[in-house]
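Chemist: Here you go, this is model-v3.cif (mmCIF, C-alpha atoms and all ligand atoms).
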```
data_run
#
loop_
_atom_site.label_atom_id
_atom_site.label_comp_id
_atom_site.auth_asym_id
_atom_site.auth_seq_id
_atom_site.Cartn_x
_atom_site.Cartn_y
_atom_site.Cartn_z
CA MET Y 1 0.00 0.00 0.00
CA THR Y 2 1.26 3.42 -0.86
CA ARG Y 3 2.03 5.63 2.10
CA GLN Y 4 1.33 9.23 1.25
CA LEU Y 5 3.21 12.33 2.30
CA ALA Y 6 1.01 15.41 2.01
CA MET Y 7 0.96 19.16 2.51
CA VAL Y 8 -1.55 21.66 3.91
CA ILE Y 9 -1.21 25.33 2.94
CA ASP Y 10 -3.05 27.87 5.09
CA LEU Y 11 -4.24 30.57 2.68
CA ASN Y 12 -4.95 32.91 5.59
CA LYS Y 13 -1.22 33.08 6.23
CA CYS Y 14 0.17 33.30 2.70
CA ILE Y 15 1.39 36.85 2.05
CA GLY Y 16 2.36 36.28 -1.58
CA CYS Y 17 6.03 36.95 -0.92
CA GLN Y 18 7.15 34.26 -3.43
CA THR Y 19 9.92 33.05 -1.11
CA CYS Y 20 8.68 29.53 -1.76
CA THR Y 21 8.76 30.17 -5.51
CA LEU Y 22 12.39 31.27 -5.40
CA ALA Y 23 13.40 28.56 -2.94
CA CYS Y 24 12.12 26.02 -5.46
CA LYS Y 25 13.35 27.76 -8.58
CA SER Y 26 16.89 28.33 -7.40
CA GLN Y 27 17.11 24.72 -6.28
CA TRP Y 28 15.53 22.87 -9.20
CA SER Y 29 14.59 24.85 -12.30
CA ASP Y 30 16.76 27.88 -13.00
CA ARG Y 31 18.50 26.60 -16.17
CA ASP Y 32 18.76 23.93 -18.87
CA GLY Y 33 15.41 24.51 -20.56
CA ARG Y 34 13.59 24.93 -17.27
CA GLN Y 35 13.72 28.73 -17.18
CA PHE Y 36 9.99 29.12 -17.76
CA MET Y 37 9.05 26.37 -15.31
CA TYR Y 38 7.79 27.14 -11.84
CA TRP Y 39 7.34 23.84 -10.09
CA ASN Y 40 6.01 25.96 -7.22
CA HIS Y 41 4.53 29.39 -7.79
CA VAL Y 42 2.01 31.70 -6.11
CA GLU Y 43 -0.76 33.30 -8.16
CA THR Y 44 -3.23 36.05 -7.38
CA THR Y 45 -6.78 34.70 -7.33
CA PRO Y 46 -9.13 35.57 -9.03
CA GLY Y 47 -6.84 35.88 -12.02
CA GLN Y 48 -5.61 34.04 -15.08
CA GLY Y 49 -2.78 32.46 -13.14
CA TYR Y 50 0.10 30.49 -14.49
CA PRO Y 51 0.16 29.16 -17.10
CA ARG Y 52 -2.36 31.68 -18.35
CA GLY Y 53 -5.90 30.32 -18.26
CA TRP Y 54 -4.90 26.97 -16.71
CA ARG Y 55 -8.33 26.51 -15.18
CA GLU Y 56 -9.92 26.45 -18.63
CA ALA Y 57 -7.28 24.18 -20.17
CA GLY Y 58 -9.02 20.87 -19.44
CA GLY Y 59 -7.57 17.59 -18.24
CA GLY Y 60 -8.41 15.44 -15.23
CA TRP Y 61 -11.03 12.71 -15.04
CA ASP Y 62 -14.64 12.32 -16.13
CA GLY Y 63 -15.52 9.20 -14.15
CA ASP Y 64 -13.12 6.54 -15.41
CA ARG Y 65 -12.18 8.42 -18.58
CA LEU Y 66 -9.54 11.06 -19.03
CA LYS Y 67 -10.90 14.42 -20.12
CA PRO Y 68 -9.21 16.13 -23.03
CA GLY Y 69 -6.87 18.97 -22.19
CA ARG Y 70 -4.90 21.50 -24.19
CA LEU Y 71 -1.20 22.24 -24.10
CA PRO Y 72 -0.20 25.67 -22.80
CA ARG Y 73 1.81 27.74 -25.30
CA LEU Y 74 5.38 28.59 -24.41
CA ARG Y 75 5.35 32.35 -24.94
CA GLU Y 76 1.65 33.19 -24.73
CA ASP Y 77 0.68 31.09 -21.69
CA TYR Y 78 3.90 30.45 -19.77
CA GLY Y 79 5.73 33.55 -20.91
CA PHE Y 80 9.17 32.16 -21.74
CA PRO Y 81 11.65 34.69 -20.27
CA ALA Y 82 12.62 37.25 -22.91
CA ASP Y 83 16.19 38.19 -23.75
CA PHE Y 84 17.22 41.75 -22.96
CA ASN Y 85 19.45 44.19 -24.92
CA TYR Y 86 22.25 43.91 -22.38
CA ASP Y 87 24.97 44.57 -24.96
CA GLU Y 88 23.34 47.74 -26.26
CA ALA Y 89 22.26 49.08 -22.88
CA LEU Y 90 25.28 48.22 -20.77
CA PHE Y 91 28.35 48.01 -23.00
CA ARG Y 92 27.85 50.59 -25.78
CA GLU Y 93 27.95 54.36 -25.70
CA GLY Y 94 24.62 56.13 -25.60
CA ASP Y 95 21.71 55.94 -23.24
CA ALA Y 96 19.67 53.08 -24.64
CA PRO Y 97 17.35 51.82 -21.89
CA LEU Y 98 17.34 48.17 -20.90
CA ARG Y 99 14.39 46.52 -22.64
CA PRO Y 100 13.27 43.07 -23.72
CA THR Y 101 14.19 42.17 -27.31
CA GLN Y 102 10.90 40.35 -27.91
CA PRO Y 103 7.45 41.31 -26.67
CA MET Y 104 6.76 39.78 -23.28
CA LEU Y 105 3.30 38.25 -23.34
CA TRP Y 106 2.85 36.64 -19.94
CA GLY Y 107 4.73 35.50 -16.89
CA PRO Y 108 4.26 33.60 -13.64
CA ASN Y 109 3.37 36.72 -11.67
CA TRP Y 110 1.85 38.76 -14.47
CA ASP Y 111 -1.50 39.64 -12.91
CA GLU Y 112 -0.20 39.98 -9.36
CA ASP Y 113 -2.56 41.85 -7.01
CA GLN Y 114 -5.06 42.74 -9.75
CA GLY Y 115 -7.83 40.57 -8.34
CA SER Y 116 -11.42 41.56 -8.94
CA GLY Y 117 -14.19 43.87 -7.66
CA GLU Y 118 -14.50 47.63 -7.50
CA PHE Y 119 -12.83 50.04 -5.09
CA PRO Y 120 -13.20 50.09 -2.13
CA ASN Y 121 -14.40 46.47 -2.26
CA GLY Y 122 -11.75 44.88 -4.45
CA PHE Y 123 -10.69 41.39 -3.43
CA PHE Y 124 -8.03 38.77 -4.08
CA PHE Y 125 -5.94 36.25 -2.22
CA TYR Y 126 -2.74 34.37 -2.91
CA LEU Y 127 -2.87 30.78 -4.09
CA PRO Y 128 0.41 28.84 -3.93
CA ARG Y 129 0.42 25.97 -6.41
CA LEU Y 130 2.59 22.93 -6.97
CA CYS Y 131 2.08 19.39 -8.18
CA ASN Y 132 -0.48 17.75 -5.90
CA HIS Y 133 1.18 14.32 -6.00
CA CYS Y 134 -2.29 13.04 -6.64
CA SER Y 135 -3.53 9.64 -5.50
CA ARG Y 136 -5.16 9.21 -8.92
CA PRO Y 137 -2.78 11.12 -11.18
CA ALA Y 138 -4.20 11.94 -14.62
CA CYS Y 139 -0.66 12.60 -15.85
CA GLN Y 140 0.33 9.02 -15.08
CA ALA Y 141 -2.77 7.56 -16.71
CA ALA Y 142 -2.20 9.57 -19.89
CA CYS Y 143 1.38 8.42 -20.47
CA PRO Y 144 1.58 5.68 -23.12
CA ARG Y 145 5.17 4.89 -22.07
CA GLN Y 146 4.45 4.26 -18.36
CA ALA Y 147 7.14 6.84 -17.69
CA ILE Y 148 5.27 8.38 -14.75
CA TYR Y 149 5.11 6.49 -11.50
CA LYS Y 150 4.04 6.98 -7.90
CA ARG Y 151 6.54 5.90 -5.28
CA ALA Y 152 5.11 3.28 -2.93
CA GLU Y 153 7.14 4.56 0.03
CA ASP Y 154 5.78 8.15 0.02
CA GLY Y 155 3.32 8.62 -2.86
CA ILE Y 156 5.53 11.14 -4.66
CA VAL Y 157 4.75 11.27 -8.40
CA LEU Y 158 7.89 11.21 -10.54
CA ILE Y 159 8.88 10.89 -14.20
CA ASP Y 160 11.45 8.36 -15.37
CA PRO Y 161 13.55 10.42 -17.82
CA GLU Y 162 14.80 7.26 -19.52
CA ARG Y 163 11.28 6.22 -20.46
CA CYS Y 164 9.83 9.65 -21.31
CA ARG Y 165 9.77 10.47 -25.02
CA GLY Y 166 8.29 13.95 -24.67
CA TYR Y 167 4.84 13.16 -26.10
CA ARG Y 168 3.28 15.67 -23.66
CA TYR Y 169 0.05 13.73 -23.10
CA CYS Y 170 0.75 14.21 -19.41
CA VAL Y 171 0.90 18.00 -19.77
CA ALA Y 172 -2.52 18.07 -21.40
CA ALA Y 173 -3.94 15.57 -18.89
CA CYS Y 174 -2.93 17.39 -15.71
CA PRO Y 175 -5.85 19.69 -14.82
CA TYR Y 176 -3.50 21.83 -12.74
CA LYS Y 177 -0.95 22.19 -15.58
CA LYS Y 178 1.80 21.36 -13.15
CA ILE Y 179 3.82 19.18 -15.45
CA TYR Y 180 6.03 20.84 -18.05
CA PHE Y 181 7.72 19.99 -21.33
CA ASN Y 182 11.44 20.83 -21.39
CA PRO Y 183 12.18 21.93 -24.97
CA LEU Y 184 15.93 21.37 -24.58
CA ALA Y 185 15.80 17.94 -22.97
CA GLU Y 186 12.68 17.05 -25.05
CA ARG Y 187 10.95 15.39 -22.15
CA SER Y 188 8.50 16.27 -19.42
CA GLU Y 189 9.53 17.44 -15.96
CA LYS Y 190 7.73 18.37 -12.76
CA CYS Y 191 7.89 19.02 -9.03
CA ILE Y 192 9.62 16.15 -7.27
CA PHE Y 193 8.33 17.14 -3.79
CA CYS Y 194 12.02 17.64 -2.93
CA TYR Y 195 12.47 13.89 -2.44
CA PRO Y 196 16.29 14.15 -2.21
CA ARG Y 197 15.83 16.53 0.73
CA LEU Y 198 13.12 14.37 2.30
CA GLU Y 199 15.40 11.35 2.13
CA LYS Y 200 17.84 13.29 4.32
CA GLY Y 201 15.06 14.31 6.73
CA ILE Y 202 14.80 17.90 5.42
CA PRO Y 203 11.36 19.29 4.44
CA GLN Y 204 10.55 20.56 0.97
CA ALA Y 205 12.25 23.87 0.17
CA CYS Y 206 8.93 25.66 -0.43
CA ALA Y 207 7.57 24.56 2.94
CA PHE Y 208 10.75 24.98 4.97
CA GLN Y 209 11.43 28.50 3.68
CA CYS Y 210 7.85 29.77 3.95
CA VAL Y 211 8.04 33.00 5.93
CA GLY Y 212 4.32 32.94 6.63
CA ARG Y 213 4.52 29.54 8.34
CA ALA Y 214 1.67 28.62 6.03
CA ARG Y 215 2.79 25.10 5.04
CA HIS Y 216 2.48 21.93 7.09
CA VAL Y 217 3.89 18.59 5.93
CA ALA Y 218 2.87 15.20 7.33
CA TRP Y 219 1.78 11.70 6.33
CA ARG Y 220 -1.87 11.24 5.43
CA ASP Y 221 -2.21 8.45 8.03
CA ASP Y 222 -0.36 10.19 10.87
CA ARG Y 223 -3.11 11.03 13.34
CA GLU Y 224 -0.85 13.34 15.28
CA GLY Y 225 0.09 15.25 12.14
CA ALA Y 226 -1.38 18.49 10.84
CA VAL Y 227 -2.64 16.87 7.63
CA TRP Y 228 -4.81 14.32 9.42
CA LYS Y 229 -6.13 16.87 11.88
CA LEU Y 230 -6.90 19.62 9.37
CA VAL Y 231 -8.16 17.40 6.54
CA GLU Y 232 -9.80 14.41 8.21
CA GLU Y 233 -10.62 15.44 11.77
CA TRP Y 234 -11.51 19.14 11.58
CA LYS Y 235 -12.26 19.21 7.84
CA VAL Y 236 -10.94 22.73 7.34
CA ALA Y 237 -8.34 21.87 4.67
CA LEU Y 238 -9.61 21.04 1.19
CA PRO Y 239 -8.14 19.99 -2.16
CA LEU Y 240 -8.06 22.44 -5.04
CA GLY Y 241 -10.35 21.42 -7.90
CA PRO Y 242 -11.82 18.24 -6.38
CA GLU Y 243 -14.09 17.91 -9.41
CA HIS Y 244 -11.08 16.91 -11.53
CA GLY Y 245 -11.02 13.55 -9.77
CA THR Y 246 -7.24 13.27 -9.35
CA GLN Y 247 -7.44 13.17 -5.53
CA PRO Y 248 -4.77 15.76 -4.70
CA ASN Y 249 -2.49 15.45 -1.69
CA VAL Y 250 -1.93 19.18 -1.32
CA PHE Y 251 -4.73 20.76 0.70
CA TYR Y 252 -5.70 24.35 1.44
CA VAL Y 253 -7.20 26.08 4.44
CA PRO Y 254 -9.53 28.48 2.57
CA PRO Y 255 -9.21 32.24 3.04
CA LEU Y 256 -11.47 34.26 5.29
CA SER Y 257 -12.03 37.86 4.27
CA PRO Y 258 -13.00 41.16 5.83
CA PRO Y 259 -16.49 42.54 5.12
CA PRO Y 260 -17.06 44.84 2.15
CA LEU Y 261 -18.12 48.42 2.81
CA ASP Y 262 -21.53 49.85 2.02
CA ALA Y 263 -22.12 53.16 0.20
CA GLU Y 264 -21.53 55.09 3.44
CA GLY Y 265 -18.27 53.27 4.06
CA ARG Y 266 -19.65 51.11 6.88
CA PRO Y 267 -18.68 47.42 7.08
CA THR Y 268 -21.47 45.01 6.15
CA ASP Y 269 -22.10 41.42 7.29
CA ALA Y 270 -21.10 39.64 4.11
CA PRO Y 271 -17.64 38.21 3.40
CA ARG Y 272 -15.67 40.19 0.84
CA LEU Y 273 -14.57 37.12 -1.11
CA PRO Y 274 -17.65 35.96 -3.05
CA GLU Y 275 -18.77 32.48 -2.10
CA ASP Y 276 -18.97 31.35 -5.72
CA VAL Y 277 -15.26 32.11 -6.22
CA LEU Y 278 -14.31 29.87 -3.31
CA VAL Y 279 -16.82 27.14 -4.22
CA GLY Y 280 -15.43 27.19 -7.77
CA LEU Y 281 -11.95 26.51 -6.42
CA PHE Y 282 -12.52 24.17 -3.49
CA GLY Y 283 -15.99 22.74 -4.00
CA PRO Y 284 -19.17 23.20 -1.94
CA THR Y 285 -17.64 21.94 1.34
CA VAL Y 286 -15.68 25.19 1.53
CA LYS Y 287 -18.70 26.85 3.16
CA ALA Y 288 -18.66 24.47 6.12
CA ALA Y 289 -14.87 24.75 6.38
CA LEU Y 290 -15.06 28.54 6.62
CA ALA Y 291 -17.85 28.32 9.20
CA ARG Y 292 -15.70 25.96 11.33
CA LEU Y 293 -12.73 28.29 11.08
CA GLU Y 294 -14.81 31.28 12.11
CA ALA Y 295 -16.28 29.36 15.04
CA GLU Y 296 -12.81 28.39 16.30
CA ILE Y 297 -11.58 31.96 15.98
CA ALA Y 298 -14.61 33.12 17.97
CA ARG Y 299 -13.86 30.52 20.66
CA ARG Y 300 -10.32 31.71 20.90
CA GLN Y 301 -11.39 35.35 21.04
CA ALA Y 302 -13.72 34.42 23.90
CA GLY Y 303 -10.72 33.16 25.84
CA GLN Y 304 -11.36 29.46 25.29
CA PRO Y 305 -8.69 27.02 24.10
CA SER Y 306 -8.56 25.94 20.45
CA ALA Y 307 -6.20 23.20 19.32
CA MET Y 308 -7.04 24.06 15.71
CA ILE Y 309 -6.03 27.69 16.00
CA ASP Y 310 -2.89 26.76 17.94
CA LEU Y 311 -1.92 24.37 15.16
CA LEU Y 312 -2.59 26.96 12.44
CA ILE Y 313 -0.63 29.65 14.28
CA ALA Y 314 2.36 27.28 14.21
CA PHE Y 315 4.16 28.58 17.27
CA ARG Y 316 7.14 26.28 16.64
CA HIS Y 317 8.45 26.04 13.11
CA GLY Y 318 9.96 22.59 13.57
CA GLU Y 319 6.61 21.12 14.57
CA MET Y 320 5.13 21.95 11.16
CA PHE Y 321 7.01 19.06 9.58
CA ARG Y 322 6.44 15.48 10.65
CA LEU Y 323 8.55 13.49 8.25
CA ASP Y 324 9.12 10.39 10.35
CA ARG Y 325 6.82 7.66 9.17
CA PRO Y 326 4.16 6.67 11.69
CA GLN Y 327 3.84 2.95 12.25
CA PRO Y 328 0.79 1.54 10.45
CA LYS Y 329 -2.12 0.92 12.81
CA ALA Y 330 -3.11 -2.68 13.39
CA LYS Y 331 -6.16 -3.83 11.44
CA GLY Y 332 -9.36 -2.63 13.05
CA GLN Y 333 -7.78 0.50 14.51
CA GLY Y 334 -9.20 2.58 11.73
CA GLU Y 335 -6.19 3.23 9.57
CA LYS Y 336 -7.16 5.16 6.46
CA SER Y 337 -6.58 3.23 3.26
S1 LIG Y 401 -1.02 17.64 -10.03
FE1 LIG Y 401 -0.92 17.07 -12.21
S2 LIG Y 401 1.27 16.53 -12.52
FE2 LIG Y 401 0.88 16.45 -10.30
S3 LIG Y 401 0.31 14.28 -9.88
FE3 LIG Y 401 -1.60 15.46 -10.16
S4 LIG Y 401 -2.12 15.13 -12.34
FE4 LIG Y 401 0.09 14.61 -12.11
S1 LIG Y 402 6.73 31.60 1.16
FE1 LIG Y 402 4.80 31.13 2.26
S2 LIG Y 402 3.89 33.17 2.64
FE2 LIG Y 402 5.45 33.48 1.03
S3 LIG Y 402 4.30 33.20 -0.91
FE3 LIG Y 402 5.11 31.17 -0.39
S4 LIG Y 402 3.43 30.12 0.74
FE4 LIG Y 402 2.98 32.36 0.71
#
```
If you convert what's in this file into structure tokens, what do you get?
Modeler:
Amino acid sequence: MTRQLAMVIDLNKCIGCQTCTLACKSQWSDRDGRQFMYWNHVETTPGQGYPRGWREAGGGWDGDRLKPGRLPRLREDYGFPADFNYDEALFREGDAPLRPTQPMLWGPNWDEDQGSGEFPNGFFFYLPRLCNHCSRPACQAACPRQAIYKRAEDGIVLIDPERCRGYRYCVAACPYKKIYFNPLAERSEKCIFCYPRLEKGIPQACAFQCVGRARHVAWRDDREGAVWKLVEEWKVALPLGPEHGTQPNVFYVPPLSPPPLDAEGRPTDAPRLPEDVLVGLFGPTVKAALARLEAEIARRQAGQPSAMIDLLIAFRHGEMFRLDRPQPKAKGQGEKS
């Protein structure tokens, strides 16, 4: 049976600083045809995201059948980094400004902080995204070469570069567009959940470096871990796009929001983030998750204890990562399959 390592990201604590993005990029994807790849990135939501329009690009499952998906375009949707006129601007006489030598069409942070809504009631939040190391990966099912596999020891989804022929069926099949085609290596590549770090007992770079203490890492079946408590016990952490059927193993604590203002500038009772935006991302159970979060916050504000809020505050950084494997429970003790 596959043991599964998983992550919970608390969207109420993500400040969009992109430290996780750079921690990942500088470690894994800053050269060799990977320049446009962001195995982890943070996008402003609502927005087109990265690659542009990924939510309308298809993929995932329709029951037992893969849904068709389209390939993102290198310049238009990913925004392959442009060259700049360094020679002209820096090494020749004159005052030519530094400028890109081709039009830049998009990028991983292109619509940062645009969001939606009208002043003074605009709204957005930050959505960190990485491969979900799904339990039912569409990328794996779409590969005719069986080049994609899920490690039995930790559930991490990886690509065997020796088997991959760069057909890109996996790229189209992933509904999160979190698998990329490397045009230099002519094969697909993706987030590896930092398995070389994990094998040395070090958490993923994105999680370990997160300045917001927004990311928890634990095994799905570890009942003392944050993933079990937030996902299974308290049900306040949800997968992104559950309707795609891939069964993600990255979960999100959905964002609360301050009330919008009425015409006289007085706060109203409604949440600022429209419910349909959150339901569209996390499914209908997001409403109950937000209600539970609000109830726990109210308890805490009333001076009562709340294990959930203590866990989400993350007083001690080291306790956010439980990488040691829990022993499987004996049959009948309710271990999750
Ligand atoms: S998020 Fe996409 S690339 Fe990652 S395992 Fe799931 S289907 Fe595959
Ligand atoms: S490092 Fe943490 S707080 Fe900063 S953008 Fe990434 S997830 Fe958000």
Chemist: Which distance in Å separates CA of Cys191 in chain Y and atom S2 of ligand LIG 402 (chain Y), to one decimal?
Modeler: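 Between CA of Cys191 in chain Y and atom S2 of ligand LIG 402 (chain Y) the gap is 18.8 Å.
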Chemist: May I ask which of the residues Y:Ala152, Y:Ala270, Y:Leu290, Y:Leu71 is the closest one to Arg3 in chain Y, counting only C-alpha atoms?
Modeler: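 When distances to Arg3 in chain Y are compared using only C-alpha atoms, the smallest one comes from Y:Ala152.
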Chemist: Nearest to ligand LIG 402 (chain Y): which of Y:Phe91, Y:Tyr252, Y:Phe181, Y:Tyr126 is it, counting only C-alpha atoms and all ligand atoms?
Modeler: Y:Tyr126
Chemist: One decimal, in Å: what's the spacing between atom FE4 of ligand LIG 402 (chain Y) and CA of Asn109 in chain Y?
Modeler: 13.1 Å
Chemist: Within 10 Å of range 192-195 of chain Y, counting only C-alpha atoms, which residues show up once you throw out same-chain ones fewer than 3 positions away? Write them as number ranges by chain, please.
Modeler: Y: 5-7, 24, 27-28, 39-40, 130-133, 154-159, 189, 198-206
Chemist: At a cut-off of 7 Å and counting all atoms listed in the file, what residues surround ligand LIG 401 (chain Y)? Please answer as a ChimeraX atom specification.
Modeler: /Y:60,131-134,137-140,157,173-179,190,246,248
Chemist: Taking only C-alpha atoms and all ligand atoms into account, which residues are within 10 Å of ligand LIG 402 (chain Y), as a PyMOL selection string?
Modeler: chain Y and resi 9-23+40-43+126-129+205-215
